[in-house]
>>> print(open('protein.cif').read())   # mmCIF, C-alpha atoms
data_query
#
loop_
_atom_site.label_atom_id
_atom_site.label_comp_id
_atom_site.auth_asym_id
_atom_site.auth_seq_id
_atom_site.Cartn_x
_atom_site.Cartn_y
_atom_site.Cartn_z
CA MET A 8 -18.92 -0.27 -6.90
CA SER A 9 -15.44 -1.41 -7.85
CA ASP A 10 -13.92 -1.95 -11.27
CA PHE A 11 -11.58 -4.55 -9.75
CA LEU A 12 -13.40 -6.29 -6.91
CA SER A 13 -16.65 -8.19 -6.92
CA LYS A 14 -19.46 -7.47 -4.46
CA LYS A 15 -18.58 -10.73 -2.72
CA GLU A 16 -14.93 -9.66 -2.31
CA ILE A 17 -15.90 -6.26 -0.93
CA LYS A 18 -18.31 -7.99 1.45
CA SER A 19 -15.50 -10.25 2.70
CA ILE A 20 -13.26 -7.22 3.26
CA LYS A 21 -16.04 -5.56 5.26
CA LEU A 22 -16.46 -8.76 7.28
CA TRP A 23 -12.74 -8.81 8.10
CA LEU A 24 -12.78 -5.12 9.05
CA SER A 25 -15.69 -5.75 11.41
CA LYS A 26 -13.71 -8.51 13.17
CA MET A 27 -10.12 -7.26 13.02
CA HIS A 28 -10.27 -5.55 16.42
CA HIS A 29 -10.51 -9.01 18.02
CA TYR A 30 -6.99 -9.77 16.74
CA LYS A 31 -5.24 -6.47 17.50
CA ASN A 32 -3.04 -7.99 20.22
CA ARG A 33 -1.94 -10.97 18.14
CA SER A 34 1.41 -11.18 16.40
CA LYS A 35 1.48 -9.78 12.87
CA SER A 36 1.72 -13.28 11.36
CA LYS A 37 -1.24 -14.62 13.39
CA ARG A 38 -3.29 -11.52 12.54
CA ALA A 39 -2.43 -11.86 8.84
CA ASN A 40 -3.26 -15.58 8.83
CA LYS A 41 -6.63 -14.90 10.45
CA ALA A 42 -7.31 -12.09 7.96
CA LYS A 43 -6.40 -14.34 5.04
CA LYS A 44 -8.79 -17.01 6.32
CA ILE A 45 -11.69 -14.58 6.85
CA LEU A 46 -11.06 -12.68 3.60
CA ASN A 47 -10.91 -15.95 1.66
CA LEU A 48 -9.82 -14.13 -1.50
CA LYS A 49 -8.90 -16.09 -4.61
CA TYR A 50 -5.72 -14.07 -5.16
CA LYS A 51 -2.13 -14.95 -4.31
CA LYS A 52 -0.93 -13.31 -1.11
CA LEU A 53 2.19 -11.27 -1.83
CA GLY A 54 2.98 -10.63 1.81
CA ASN A 55 2.07 -8.60 4.82
CA GLY A 56 3.48 -6.08 7.22
CA ARG A 57 2.18 -5.09 10.62
CA GLN A 58 -0.65 -2.98 9.21
CA ARG A 59 -1.70 -4.47 5.85
CA ILE A 60 -1.84 -7.61 3.75
CA ALA A 61 -1.20 -7.47 -0.01
CA TYR A 62 -2.63 -9.60 -2.80
CA ASP A 63 -1.71 -9.87 -6.48
CA LEU A 64 -4.85 -9.26 -8.56
CA ASN A 65 -3.17 -10.92 -11.59
CA ASN A 66 -3.91 -7.92 -13.80
CA GLY A 67 -0.96 -5.64 -13.07
CA TYR A 68 -2.42 -4.36 -9.79
CA VAL A 69 -2.22 -5.23 -6.10
CA LEU A 70 -4.84 -5.06 -3.39
CA LYS A 71 -3.79 -3.90 0.07
CA VAL A 72 -6.23 -4.70 2.87
CA ALA A 73 -5.89 -3.21 6.36
CA LEU A 74 -5.03 -5.55 9.21
CA THR A 75 -5.33 -2.83 11.86
CA ARG A 76 -6.79 0.63 12.35
CA SER A 77 -3.37 1.97 11.42
CA GLY A 78 -3.65 -0.01 8.18
CA ILE A 79 -6.91 1.77 7.40
CA GLN A 80 -5.11 5.06 8.00
CA ASN A 81 -2.16 3.96 5.80
CA ASN A 82 -4.56 3.37 2.91
CA LYS A 83 -6.19 6.77 3.44
CA THR A 84 -2.75 8.42 3.57
CA GLU A 85 -1.61 6.80 0.31
CA PHE A 86 -4.79 7.92 -1.44
CA LYS A 87 -4.59 11.47 -0.06
CA ILE A 88 -0.91 11.95 -0.90
CA TYR A 89 -1.28 10.47 -4.37
CA LYS A 90 -4.29 12.64 -5.22
CA HIS A 91 -3.00 15.88 -3.72
CA CYS A 92 0.72 16.05 -4.44
CA ARG A 93 2.10 17.87 -7.46
CA ALA A 94 2.53 15.94 -10.71
CA GLY A 95 6.34 16.11 -10.64
CA LEU A 96 6.34 14.24 -7.36
CA ARG A 97 3.43 11.93 -8.22
CA LYS A 98 5.59 10.18 -10.83
CA HIS A 99 7.62 8.85 -7.88
CA LEU A 100 4.53 7.40 -6.17
CA CYS A 101 2.94 4.11 -7.07
CA LEU A 102 -0.29 4.69 -8.98
CA VAL A 103 -3.44 4.48 -6.88
CA LYS A 104 -6.20 3.05 -9.03
CA GLU A 105 -9.07 2.57 -6.58
CA VAL A 106 -9.79 2.89 -2.89
CA GLY A 107 -12.51 1.84 -0.48
CA HIS A 108 -12.87 1.65 3.29
CA GLY A 109 -9.96 -0.47 4.51
CA TRP A 110 -8.56 -1.31 1.08
CA ILE A 111 -6.64 0.22 -1.79
CA ILE A 112 -5.67 -0.96 -5.27
CA MET A 113 -2.32 0.12 -6.66
CA LYS A 114 -0.18 -0.65 -9.69
CA LYS A 115 2.07 -3.68 -9.24
CA MET A 116 5.73 -2.82 -9.59
CA ASN A 117 8.35 -5.57 -9.71
CA ILE A 118 11.71 -4.05 -10.63
CA GLU A 119 13.87 -3.83 -7.53
CA VAL A 120 16.11 -0.81 -7.15
CA PRO A 121 19.82 -1.71 -7.38
CA ASN A 122 21.76 -0.50 -4.33
CA LYS A 123 23.96 1.76 -6.46
CA ILE A 124 20.93 3.67 -7.79
CA TYR A 125 19.14 3.57 -4.42
CA ASN A 126 22.11 5.04 -2.54
CA LYS A 127 22.70 7.73 -5.18
CA LYS A 128 19.14 8.89 -5.89
CA LEU A 129 17.22 8.28 -2.68
CA PRO A 130 18.55 11.31 -0.72
CA LYS A 131 17.51 13.64 -3.57
CA LEU A 132 14.08 12.05 -3.73
CA LYS A 133 13.60 12.39 0.03
CA ASN A 134 14.42 16.09 -0.29
CA LYS A 135 11.82 16.48 -3.08
CA PHE A 136 9.18 15.07 -0.73
CA LEU A 137 10.28 17.33 2.12
CA ASP A 138 10.22 20.39 -0.17
CA ALA A 139 6.63 19.46 -1.08
CA GLY A 140 5.56 19.30 2.58
CA ILE A 141 5.64 15.51 2.84
CA LYS A 142 7.75 13.74 5.44
CA PRO A 143 8.87 10.48 3.74
CA ARG A 144 8.96 7.92 6.54
CA ASP A 145 9.95 4.30 5.92
CA MET A 146 11.52 4.67 2.46
CA GLY A 147 13.62 1.54 2.80
CA ASN A 148 14.68 -0.46 -0.24
CA GLY A 149 11.75 -2.86 0.31
CA ASN A 150 9.29 0.00 -0.21
CA VAL A 151 10.66 1.34 -3.49
CA ARG A 152 10.82 -0.04 -7.03
CA LEU A 153 11.99 1.17 -10.41
CA SER A 154 9.48 2.28 -13.00
CA LYS A 155 9.90 1.14 -16.59
CA GLU A 156 11.37 4.59 -17.21
CA GLY A 157 14.02 3.98 -14.51
CA LYS A 158 12.55 6.34 -11.89
CA ILE A 159 12.51 5.37 -8.23
CA THR A 160 8.88 4.81 -7.28
CA VAL A 161 7.61 4.45 -3.71
CA VAL A 162 5.18 1.53 -3.51
CA ASP A 163 4.39 1.84 0.20
CA TYR A 164 3.92 5.39 1.45
CA GLY A 165 1.20 4.85 4.01
CA ASN A 166 3.52 6.04 6.79
CA PHE A 167 4.37 9.33 5.06
CA ILE A 168 3.14 12.50 6.74
CA MET A 169 1.67 15.35 4.71
CA TYR A 170 1.97 18.74 6.42
#
>>> encode(input="protein.cif", output="structure tokens")
Amino acid sequence: MSDFLSKKEIKSIKLWLSKMHHYKNRSKSKRANKAKKILNLKYKKLGNGRQRIAYDLNNGYVLKVALTRSGIQNNKTEFKIYKHCRAGLRKHLCLVKEVGHGWIIMKKMNIEVPNKIYNKKLPKLKNKFLDAGIKPRDMGNGNVRLSKEGKITVVDYGNFIMY
């Protein structure tokens, strides 16, 4: 049971997951459009990458649904890293609120990181992850935001590798 999603919404995610392999060779935009149609969720689509599609739940959280098997793995990775990293590092990871097979719900973060802060603080943050046994892959400016406290927060860490 989910605190955020209805049974009908979870059922539509399961339906998409059961069909997504048919679209694995399509372009990311065609795959995302097909997923959006099959999912038929009432939420605004925020965007999509190659592996996942994101929706705004209109309550301060976002839903990320896998578009590929790698997307399923990205969701598992985000959950695992968030739950198992030390607290000092967790404050730099977007809050994971709920997870299910093929989907994850995370806090919505809107404040973009100014280049001056990004260029100054990102190398130190990458080193913190490495020191904790986490290889921070794909930490581009599009995958980080500022918390209300002014800390760089990674909102997409599904490609990170935990040793």
>>> atom_distance(input="protein.cif", atom1="CA of Val106 in chain A", atom2="CA of Lys51 in chain A")
19.5 Å
>>> atom_distance(input="protein.cif", atom1="CA of Asn134 in chain A", atom2="CA of Val103 in chain A")
22.3 Å
>>> residues_around(input="protein.cif", residues="Ile79 in chain A", least_positions_apart="2", cutoff="10 Å", atoms="all atoms listed in the file", output="PyMOL selection string")
chain A and resi 24+58-59+71-77+81-84+107-111+165
>>> residues_around(input="protein.cif", residues="range 43-46 of chain A", least_positions_apart="4", cutoff="8 Å", atoms="all atoms listed in the file", output="MDAnalysis selection string")
chainID A and resid 16 19:20 22:23 39
>>> resolve_selection(input="protein.cif", expression="the PyMOL selection byres ((chain A and resi 122-130) around 12)", output="JSON, numbers by chain")
{"A": [99, 119, 120, 121, 131, 132, 133, 134, 135, 136, 137, 143, 145, 146, 147, 148, 149, 150, 151, 152, 153, 157, 158, 159, 160, 161]}
>>> atom_distance(input="protein.cif", atom1="CA of Leu64 in chain A", atom2="CA of Glu156 in chain A")
23.0 Å
>>> resolve_selection(input="protein.cif", expression="the PyMOL selection byres ((chain A and resi 67) around 7)", output="ChimeraX atom specification")
/A:64-66,68,114-115
>>> closest_residue(input="protein.cif", among="A:Glu85, A:Leu12, A:Ser36, A:Asn166", to="Tyr50 in chain A", atoms="all atoms listed in the file")
A:Leu12
>>> resolve_selection(input="protein.cif", expression="the PyMOL selection byres ((chain A and resi 102) around 8)", output="PyMOL selection string")
chain A and resi 89+100-101+103-104+113-114
>>> residues_near_point(input="protein.cif", point="(2.0, 16.9, 5.9)", cutoff="9 Å", atoms="all atoms listed in the file", output="number ranges by chain")
A: 88, 139-142, 167-170
>>> closest_residue(input="protein.cif", among="A:Leu70, A:Arg57, A:Lys41, A:Ala94", to="Lys26 in chain A", atoms="all atoms listed in the file")
A:Lys41
>>> closest_residue(input="protein.cif", among="A:Tyr164, A:Gly54, A:Asp63, A:Phe86", to="Phe11 in chain A", atoms="all atoms listed in the file")
A:Asp63
>>> closest_residue(input="protein.cif", among="A:His28, A:Val162, A:Ile17, A:Asn47", to="Arg97 in chain A", atoms="all atoms listed in the file")
A:Val162
>>> residues_around(input="protein.cif", residues="Leu53 in chain A", least_positions_apart="5", cutoff="8 Å", atoms="all atoms listed in the file", output="JSON, numbers by chain")
{"A": [60, 61, 62, 63]}
>>> build_atoms(input="protein.cif", residues="range 120-131 of chain A", atoms="all heavy atoms", output="PDB file, in the frame of the given file")
ATOM      1  N   VAL A 120      15.148  -1.886  -6.946  1.00  0.00           N
ATOM      2  CA  VAL A 120      16.110  -0.810  -7.150  1.00  0.00           C
ATOM      3  C   VAL A 120      17.502  -1.305  -6.768  1.00  0.00           C
ATOM      4  O   VAL A 120      17.717  -1.689  -5.615  1.00  0.00           O
ATOM      5  CB  VAL A 120      15.743   0.433  -6.306  1.00  0.00           C
ATOM      6  CG1 VAL A 120      16.748   1.551  -6.528  1.00  0.00           C
ATOM      7  CG2 VAL A 120      14.329   0.904  -6.616  1.00  0.00           C
ATOM      8  N   PRO A 121      18.444  -1.310  -7.725  1.00  0.00           N
ATOM      9  CA  PRO A 121      19.820  -1.710  -7.380  1.00  0.00           C
ATOM     10  C   PRO A 121      20.393  -0.768  -6.322  1.00  0.00           C
ATOM     11  O   PRO A 121      20.103   0.430  -6.315  1.00  0.00           O
ATOM     12  CB  PRO A 121      20.582  -1.574  -8.703  1.00  0.00           C
ATOM     13  CG  PRO A 121      19.530  -1.597  -9.767  1.00  0.00           C
ATOM     14  CD  PRO A 121      18.296  -1.006  -9.141  1.00  0.00           C
ATOM     15  N   ASN A 122      21.200  -1.298  -5.423  1.00  0.00           N
ATOM     16  CA  ASN A 122      21.760  -0.500  -4.330  1.00  0.00           C
ATOM     17  C   ASN A 122      22.497   0.736  -4.824  1.00  0.00           C
ATOM     18  O   ASN A 122      22.417   1.799  -4.204  1.00  0.00           O
ATOM     19  CB  ASN A 122      22.691  -1.348  -3.458  1.00  0.00           C
ATOM     20  CG  ASN A 122      21.920  -2.256  -2.524  1.00  0.00           C
ATOM     21  OD1 ASN A 122      20.773  -1.983  -2.188  1.00  0.00           O
ATOM     22  ND2 ASN A 122      22.532  -3.353  -2.133  1.00  0.00           N
ATOM     23  N   LYS A 123      23.199   0.624  -5.932  1.00  0.00           N
ATOM     24  CA  LYS A 123      23.960   1.760  -6.460  1.00  0.00           C
ATOM     25  C   LYS A 123      23.028   2.934  -6.790  1.00  0.00           C
ATOM     26  O   LYS A 123      23.297   4.077  -6.439  1.00  0.00           O
ATOM     27  CB  LYS A 123      24.730   1.325  -7.712  1.00  0.00           C
ATOM     28  CG  LYS A 123      25.643   2.363  -8.274  1.00  0.00           C
ATOM     29  CD  LYS A 123      26.419   1.804  -9.457  1.00  0.00           C
ATOM     30  CE  LYS A 123      27.345   2.854 -10.037  1.00  0.00           C
ATOM     31  NZ  LYS A 123      28.107   2.351 -11.170  1.00  0.00           N
ATOM     32  N   ILE A 124      21.910   2.631  -7.444  1.00  0.00           N
ATOM     33  CA  ILE A 124      20.930   3.670  -7.790  1.00  0.00           C
ATOM     34  C   ILE A 124      20.225   4.158  -6.526  1.00  0.00           C
ATOM     35  O   ILE A 124      20.035   5.355  -6.322  1.00  0.00           O
ATOM     36  CB  ILE A 124      19.902   3.140  -8.812  1.00  0.00           C
ATOM     37  CG1 ILE A 124      20.599   2.846 -10.142  1.00  0.00           C
ATOM     38  CG2 ILE A 124      18.755   4.120  -9.004  1.00  0.00           C
ATOM     39  CD1 ILE A 124      19.715   2.156 -11.162  1.00  0.00           C
ATOM     40  N   TYR A 125      19.840   3.235  -5.669  1.00  0.00           N
ATOM     41  CA  TYR A 125      19.140   3.570  -4.420  1.00  0.00           C
ATOM     42  C   TYR A 125      19.975   4.545  -3.596  1.00  0.00           C
ATOM     43  O   TYR A 125      19.483   5.586  -3.171  1.00  0.00           O
ATOM     44  CB  TYR A 125      18.882   2.275  -3.645  1.00  0.00           C
ATOM     45  CG  TYR A 125      18.219   2.461  -2.307  1.00  0.00           C
ATOM     46  CD1 TYR A 125      16.835   2.615  -2.216  1.00  0.00           C
ATOM     47  CD2 TYR A 125      18.957   2.472  -1.128  1.00  0.00           C
ATOM     48  CE1 TYR A 125      16.221   2.782  -0.986  1.00  0.00           C
ATOM     49  CE2 TYR A 125      18.351   2.627   0.098  1.00  0.00           C
ATOM     50  CZ  TYR A 125      16.985   2.782   0.161  1.00  0.00           C
ATOM     51  OH  TYR A 125      16.372   2.949   1.380  1.00  0.00           O
ATOM     52  N   ASN A 126      21.242   4.204  -3.369  1.00  0.00           N
ATOM     53  CA  ASN A 126      22.110   5.040  -2.540  1.00  0.00           C
ATOM     54  C   ASN A 126      22.379   6.402  -3.163  1.00  0.00           C
ATOM     55  O   ASN A 126      22.549   7.393  -2.460  1.00  0.00           O
ATOM     56  CB  ASN A 126      23.429   4.325  -2.250  1.00  0.00           C
ATOM     57  CG  ASN A 126      23.227   3.107  -1.363  1.00  0.00           C
ATOM     58  OD1 ASN A 126      22.288   3.050  -0.576  1.00  0.00           O
ATOM     59  ND2 ASN A 126      24.098   2.129  -1.512  1.00  0.00           N
ATOM     60  N   LYS A 127      22.399   6.477  -4.483  1.00  0.00           N
ATOM     61  CA  LYS A 127      22.700   7.730  -5.180  1.00  0.00           C
ATOM     62  C   LYS A 127      21.469   8.648  -5.258  1.00  0.00           C
ATOM     63  O   LYS A 127      21.558   9.848  -5.025  1.00  0.00           O
ATOM     64  CB  LYS A 127      23.213   7.431  -6.583  1.00  0.00           C
ATOM     65  CG  LYS A 127      23.582   8.656  -7.380  1.00  0.00           C
ATOM     66  CD  LYS A 127      24.093   8.272  -8.754  1.00  0.00           C
ATOM     67  CE  LYS A 127      24.411   9.523  -9.555  1.00  0.00           C
ATOM     68  NZ  LYS A 127      24.825   9.206 -10.925  1.00  0.00           N
ATOM     69  N   LYS A 128      20.318   8.081  -5.597  1.00  0.00           N
ATOM     70  CA  LYS A 128      19.140   8.890  -5.890  1.00  0.00           C
ATOM     71  C   LYS A 128      18.172   9.087  -4.722  1.00  0.00           C
ATOM     72  O   LYS A 128      17.382  10.023  -4.725  1.00  0.00           O
ATOM     73  CB  LYS A 128      18.378   8.291  -7.075  1.00  0.00           C
ATOM     74  CG  LYS A 128      19.157   8.359  -8.374  1.00  0.00           C
ATOM     75  CD  LYS A 128      18.309   7.904  -9.535  1.00  0.00           C
ATOM     76  CE  LYS A 128      19.065   8.075 -10.849  1.00  0.00           C
ATOM     77  NZ  LYS A 128      18.233   7.722 -11.995  1.00  0.00           N
ATOM     78  N   LEU A 129      18.211   8.201  -3.750  1.00  0.00           N
ATOM     79  CA  LEU A 129      17.220   8.280  -2.680  1.00  0.00           C
ATOM     80  C   LEU A 129      17.312   9.578  -1.865  1.00  0.00           C
ATOM     81  O   LEU A 129      16.274  10.179  -1.587  1.00  0.00           O
ATOM     82  CB  LEU A 129      17.295   7.069  -1.761  1.00  0.00           C
ATOM     83  CG  LEU A 129      16.053   6.936  -0.883  1.00  0.00           C
ATOM     84  CD1 LEU A 129      14.839   6.581  -1.725  1.00  0.00           C
ATOM     85  CD2 LEU A 129      16.260   5.922   0.190  1.00  0.00           C
ATOM     86  N   PRO A 130      18.502  10.047  -1.479  1.00  0.00           N
ATOM     87  CA  PRO A 130      18.550  11.310  -0.720  1.00  0.00           C
ATOM     88  C   PRO A 130      17.912  12.480  -1.468  1.00  0.00           C
ATOM     89  O   PRO A 130      17.200  13.287  -0.867  1.00  0.00           O
ATOM     90  CB  PRO A 130      20.049  11.543  -0.496  1.00  0.00           C
ATOM     91  CG  PRO A 130      20.649  10.171  -0.559  1.00  0.00           C
ATOM     92  CD  PRO A 130      19.835   9.434  -1.591  1.00  0.00           C
ATOM     93  N   LYS A 131      18.115  12.560  -2.774  1.00  0.00           N
ATOM     94  CA  LYS A 131      17.510  13.640  -3.570  1.00  0.00           C
ATOM     95  C   LYS A 131      15.992  13.507  -3.581  1.00  0.00           C
ATOM     96  O   LYS A 131      15.277  14.499  -3.480  1.00  0.00           O
ATOM     97  CB  LYS A 131      18.052  13.597  -5.005  1.00  0.00           C
ATOM     98  CG  LYS A 131      19.507  13.951  -5.111  1.00  0.00           C
ATOM     99  CD  LYS A 131      19.993  13.809  -6.548  1.00  0.00           C
ATOM    100  CE  LYS A 131      21.506  13.973  -6.613  1.00  0.00           C
ATOM    101  NZ  LYS A 131      22.039  13.703  -7.940  1.00  0.00           N
TER     102      LYS A 131
END
